[in-house]
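Undergrad: Attaching a single structure in structure tokens format; questions to follow.
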Amino acid sequence: MFKVYPIVLTAALFGYASAAPAKVRKLQTPPTNPPTKAPTKAPTKAPTKAPTKAPTKSPTKAPTKAPTKSPTMSPTVSTLCYPAWTNTQGSYTTGSWASGTEDVTTTKQVSCSGTANGCVNGKRTETTTKTKSYNYKCEASGAALPWCWQRNPSDPVAANTAGVWGSKQECQTGTVGQQTAPTPDAWSGGGCPAAFSSGADYESGDSVSVVTGTYTMVYTCKDGVNSAWCGSAGYEPGTSQYWQEAWNKQGSCTGTIAPSKAPTFSAQNSVGGCPGEYSAGSDYEEGDTISKGGFVYQC
């Protein structure tokens, strides 16, 4: 930056004289400093600290250690075992329970030394087999219901129990739980009709009774052509695989059906003696007569 100095010229310097000195215009001296600078600081600084300081530590620290682990041993099994499974026909209904045992095998790695007994690199596989008891629930229904007493639930692979037994749960050995199956609604016929007899000649509308667990069920032979199967093997009501093709379920029953009033008989006119005794399986036709127990009957 260059500084400017004022030069004053006078008449004497140059040998001139003047009666009246001329006015000498004095040049304005430039300022040595530049104009006032804008303030380098803002008029008011924002506070450097927040009015309230957040706490440097959280009120409560999370625990540095994980909570105590649950014990590795199995909890005590408190569920009681139902009666053991049986293959007795009609033993189970949908929702019934049975128990059985299974061998459960587990393996784990254990430390060892040397090379004997399968020891490799200081480790060997240890296998343990333990017999456990389980409860199983009969889940089959309808035509598949007989599978519950035909297929052992504790042998699920060989017996193919998928869809038959389910809800498997471990149970306590040495005790027996109580199995109570609900009794279906009573049928409208009162007491129980005669028990079903395989091979009997049943007709449409005939009713029979079958003991099922803790109660007795009543079934009626269906109308139509299917009634021909009502007495056949494989169609036993409520227990066989195809029983629903021939029978209708009616409900539960207790006691027996009240007998009808004793019939009144009129003396048979003399026909030259009693007709032949009734013979089961004989081919009788309409109008044929037989005798049985001192009475004569006509087909």
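Identifiers in this document derive from the order of the structure tokens: chains are assigned A, B, ..., residues are numbered from 1 separately in each chain, and ligands are numbered from 1 in order of occurrence.
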Within stretch 137-258 of chain A, find each residue whose DSSP state, derived from the backbone, is strand (DSSP E or B), and express the selection as a PyMOL selection string.

TA: chain A and resi 137-138+165-170+172+186+192+195+207-212+215-221+247-253+256

Undergrad: May I have the selected residues written with N, CA and C atoms, as a CSV table (one decimal), in the first residue's frame?

TA:
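Generated file (again_10.csv):
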```csv
chain,number,residue,atom,x,y,z
A,137,LYS,N,-54.6,-89.8,22.2
A,137,LYS,CA,-56.0,-89.5,22.1
A,137,LYS,C,-56.6,-90.1,20.8
A,138,CYS,N,-57.7,-90.8,20.8
A,138,CYS,CA,-58.3,-91.4,19.6
A,138,CYS,C,-58.9,-90.2,18.9
A,165,TRP,N,-54.5,-91.8,16.0
A,165,TRP,CA,-54.1,-91.4,17.4
A,165,TRP,C,-53.3,-90.1,17.3
A,166,GLY,N,-53.6,-89.2,18.2
A,166,GLY,CA,-52.9,-87.9,18.2
A,166,GLY,C,-52.8,-87.3,19.6
A,167,SER,N,-52.5,-86.0,19.8
A,167,SER,CA,-52.4,-85.3,21.1
A,167,SER,C,-51.5,-86.1,22.0
A,168,LYS,N,-50.3,-86.6,21.5
A,168,LYS,CA,-49.4,-87.4,22.4
A,168,LYS,C,-48.8,-86.5,23.5
A,169,GLN,N,-48.8,-87.0,24.7
A,169,GLN,CA,-48.2,-86.3,25.8
A,169,GLN,C,-47.6,-87.3,26.8
A,170,GLU,N,-46.5,-86.9,27.3
A,170,GLU,CA,-45.8,-87.8,28.3
A,170,GLU,C,-46.6,-87.9,29.6
A,172,GLN,N,-47.0,-89.9,33.7
A,172,GLN,CA,-46.3,-90.4,34.8
A,172,GLN,C,-46.6,-91.9,34.9
A,186,ALA,N,-79.7,-89.9,25.0
A,186,ALA,CA,-80.5,-91.1,25.0
A,186,ALA,C,-81.4,-91.2,23.7
A,192,CYS,N,-82.9,-100.5,26.3
A,192,CYS,CA,-82.1,-101.0,25.3
A,192,CYS,C,-82.7,-102.2,24.6
A,195,ALA,N,-79.2,-107.1,22.1
A,195,ALA,CA,-77.8,-106.9,21.7
A,195,ALA,C,-77.6,-107.4,20.3
A,207,SER,N,-83.8,-102.6,15.4
A,207,SER,CA,-82.8,-101.9,16.3
A,207,SER,C,-82.1,-102.9,17.2
A,208,VAL,N,-80.8,-102.6,17.4
A,208,VAL,CA,-79.9,-103.5,18.2
A,208,VAL,C,-79.2,-102.6,19.2
A,209,SER,N,-78.6,-103.1,20.2
A,209,SER,CA,-77.7,-102.4,21.2
A,209,SER,C,-76.3,-102.9,21.2
A,210,VAL,N,-75.3,-102.0,21.4
A,210,VAL,CA,-73.9,-102.4,21.4
A,210,VAL,C,-73.3,-101.7,22.6
A,211,VAL,N,-72.6,-102.5,23.5
A,211,VAL,CA,-71.9,-101.9,24.6
A,211,VAL,C,-70.7,-101.2,24.1
A,212,THR,N,-70.5,-99.9,24.4
A,212,THR,CA,-69.3,-99.2,24.0
A,212,THR,C,-68.7,-98.5,25.2
A,215,TYR,N,-71.0,-97.0,28.3
A,215,TYR,CA,-72.4,-96.9,28.0
A,215,TYR,C,-72.8,-97.8,26.8
A,216,THR,N,-74.1,-97.9,26.5
A,216,THR,CA,-74.6,-98.7,25.5
A,216,THR,C,-75.3,-97.9,24.4
A,217,MET,N,-74.9,-98.2,23.1
A,217,MET,CA,-75.5,-97.4,22.0
A,217,MET,C,-76.5,-98.2,21.3
A,218,VAL,N,-77.5,-97.5,20.7
A,218,VAL,CA,-78.5,-98.2,19.9
A,218,VAL,C,-78.4,-97.8,18.4
A,219,TYR,N,-78.5,-98.8,17.6
A,219,TYR,CA,-78.4,-98.6,16.1
A,219,TYR,C,-79.6,-99.2,15.5
A,220,THR,N,-80.0,-98.6,14.3
A,220,THR,CA,-81.2,-99.1,13.6
A,220,THR,C,-80.7,-99.5,12.2
A,221,CYS,N,-81.1,-100.6,11.7
A,221,CYS,CA,-80.8,-101.1,10.4
A,221,CYS,C,-81.4,-100.2,9.3
A,247,TRP,N,-76.0,-99.2,9.1
A,247,TRP,CA,-76.7,-98.9,10.3
A,247,TRP,C,-76.8,-97.4,10.6
A,248,ASN,N,-77.8,-96.9,11.2
A,248,ASN,CA,-77.9,-95.5,11.7
A,248,ASN,C,-77.8,-95.5,13.2
A,249,LYS,N,-76.9,-94.6,13.7
A,249,LYS,CA,-76.8,-94.4,15.2
A,249,LYS,C,-78.0,-93.7,15.7
A,250,GLN,N,-78.5,-94.1,16.8
A,250,GLN,CA,-79.7,-93.5,17.4
A,250,GLN,C,-79.4,-92.8,18.7
A,251,GLY,N,-78.6,-93.3,19.6
A,251,GLY,CA,-78.3,-92.7,20.9
A,251,GLY,C,-78.0,-93.8,21.9
A,252,SER,N,-77.8,-93.3,23.1
A,252,SER,CA,-77.5,-94.3,24.2
A,252,SER,C,-78.8,-94.8,24.8
A,253,CYS,N,-78.6,-95.9,25.6
A,253,CYS,CA,-79.8,-96.5,26.3
A,253,CYS,C,-79.4,-97.1,27.6
A,256,THR,N,-83.7,-102.1,29.9
A,256,THR,CA,-84.3,-102.9,28.8
A,256,THR,C,-85.6,-102.3,28.3
```

Undergrad: Might you pull out every residue within 12 Å of A:Asp201, with only C-alpha atoms counted and same-chain residues fewer than 6 positions away left off, and present them as a VMD selection string?

TA: chain A and resid 221 227 to 232 280 to 281

Undergrad: Which one of A:Gly293, A:Gly238, A:Gly191, A:Gly90 sits closest to A:Gln150 if you count only C-alpha atoms?

TA: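 Residue with the minimum atom-to-atom distance to A:Gln150: A:Gly90.
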
Undergrad: Could you please determine the separation between atom CA of A:Ser96 and atom CA of A:Glu139 in Å, to one decimal place?

TA: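 Separation of atom CA of A:Ser96 and atom CA of A:Glu139: 8.1 Å.
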
Undergrad: Check the smallest atom-to-atom distance from each of A:Cys171, A:Pro156, A:Ser113, A:Thr183 to A:Thr94 using only C-alpha atoms, then report the winner.

TA: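 Ranking A:Cys171, A:Pro156, A:Ser113, A:Thr183 by distance to A:Thr94, first place goes to A:Thr183.
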
Undergrad: List the spatial neighbours of A:Ser291 as a list in words - criterion: any atom at most 10 Å away, only C-alpha atoms, same-chain residues fewer than 2 positions off excluded.

TA: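 Close residues of A:Ser291: Cys274, Pro275, Gly276, Glu277, Tyr278, Ser279, Thr289, Gly293, Gly294, Phe295, Val296, Tyr297 and Gln298 of chain A.
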
Undergrad: Using the selection just defined, write its residues with N, CA, C and O atoms as an mmCIF file, in the first residue's frame.

TA:
```
data_model
loop_
_atom_site.group_PDB
_atom_site.id
_atom_site.type_symbol
_atom_site.label_atom_id
_atom_site.label_comp_id
_atom_site.auth_asym_id
_atom_site.auth_seq_id
_atom_site.Cartn_x
_atom_site.Cartn_y
_atom_site.Cartn_z
ATOM 1 N N CYS A 274 -100.418 -130.861 15.756
ATOM 2 C CA CYS A 274 -99.550 -129.678 15.624
ATOM 3 C C CYS A 274 -98.694 -129.777 14.373
ATOM 4 O O CYS A 274 -98.219 -130.868 14.032
ATOM 5 N N PRO A 275 -98.464 -128.624 13.709
ATOM 6 C CA PRO A 275 -97.543 -128.627 12.556
ATOM 7 C C PRO A 275 -96.106 -128.841 13.042
ATOM 8 O O PRO A 275 -95.827 -128.900 14.237
ATOM 9 N N GLY A 276 -95.211 -128.969 12.104
ATOM 10 C CA GLY A 276 -93.820 -129.231 12.453
ATOM 11 C C GLY A 276 -93.193 -128.092 13.265
ATOM 12 O O GLY A 276 -93.608 -126.931 13.185
ATOM 13 N N GLU A 277 -92.187 -128.456 14.063
ATOM 14 C CA GLU A 277 -91.476 -127.474 14.869
ATOM 15 C C GLU A 277 -90.717 -126.489 13.969
ATOM 16 O O GLU A 277 -90.252 -126.854 12.878
ATOM 17 N N TYR A 278 -90.614 -125.286 14.465
ATOM 18 C CA TYR A 278 -89.863 -124.258 13.718
ATOM 19 C C TYR A 278 -88.394 -124.658 13.603
ATOM 20 O O TYR A 278 -87.792 -125.180 14.544
ATOM 21 N N SER A 279 -87.805 -124.420 12.422
ATOM 22 C CA SER A 279 -86.398 -124.752 12.182
ATOM 23 C C SER A 279 -85.711 -123.517 11.590
ATOM 24 O O SER A 279 -86.094 -123.064 10.501
ATOM 25 N N THR A 289 -97.296 -122.922 8.342
ATOM 26 C CA THR A 289 -97.486 -122.899 9.795
ATOM 27 C C THR A 289 -96.419 -123.763 10.448
ATOM 28 O O THR A 289 -95.967 -124.763 9.886
ATOM 29 N N GLY A 293 -93.063 -124.126 21.267
ATOM 30 C CA GLY A 293 -93.457 -123.866 22.651
ATOM 31 C C GLY A 293 -94.929 -124.080 22.921
ATOM 32 O O GLY A 293 -95.502 -123.399 23.776
ATOM 33 N N GLY A 294 -95.546 -124.958 22.177
ATOM 34 C CA GLY A 294 -96.961 -125.240 22.423
ATOM 35 C C GLY A 294 -97.897 -124.281 21.694
ATOM 36 O O GLY A 294 -99.121 -124.333 21.908
ATOM 37 N N PHE A 295 -97.347 -123.462 20.835
ATOM 38 C CA PHE A 295 -98.173 -122.531 20.060
ATOM 39 C C PHE A 295 -97.940 -122.746 18.579
ATOM 40 O O PHE A 295 -96.892 -123.244 18.151
ATOM 41 N N VAL A 296 -98.932 -122.388 17.813
ATOM 42 C CA VAL A 296 -98.856 -122.514 16.354
ATOM 43 C C VAL A 296 -98.743 -121.119 15.754
ATOM 44 O O VAL A 296 -99.447 -120.180 16.163
ATOM 45 N N TYR A 297 -97.806 -120.987 14.804
ATOM 46 C CA TYR A 297 -97.585 -119.698 14.145
ATOM 47 C C TYR A 297 -97.731 -119.893 12.644
ATOM 48 O O TYR A 297 -97.426 -120.948 12.100
ATOM 49 N N GLN A 298 -98.194 -118.835 11.993
ATOM 50 C CA GLN A 298 -98.346 -118.878 10.550
ATOM 51 C C GLN A 298 -97.499 -117.778 9.924
ATOM 52 O O GLN A 298 -97.485 -116.633 10.381
#
```

Undergrad: Using only C-alpha atoms, which protein or nucleic acid residues come within 9 Å of A:Ile257? Drop anything in the same chain fewer than 3 positions from it, and give the result as a short mmCIF file (atom, residue, chain, number, x, y, z; two decimals) with C-alpha atoms, in the first residue's frame.

TA:
```cif
data_model
loop_
_atom_site.label_atom_id
_atom_site.label_comp_id
_atom_site.auth_asym_id
_atom_site.auth_seq_id
_atom_site.Cartn_x
_atom_site.Cartn_y
_atom_site.Cartn_z
CA GLY A 189 -87.08 -95.79 22.25
CA GLY A 190 -86.63 -96.01 26.02
CA GLY A 191 -84.62 -99.01 27.19
CA CYS A 192 -82.07 -101.03 25.29
CA PRO A 193 -83.14 -103.40 22.51
CA ALA A 194 -81.57 -106.83 22.11
CA THR A 254 -80.08 -97.96 29.74
CA SER A 260 -95.49 -105.57 25.44
#
```

Undergrad: For the atom pair atom CA of A:Asp155 and atom CA of A:Pro83, what is the interatomic distance in Å to one decimal place?

TA: 16.5 Å
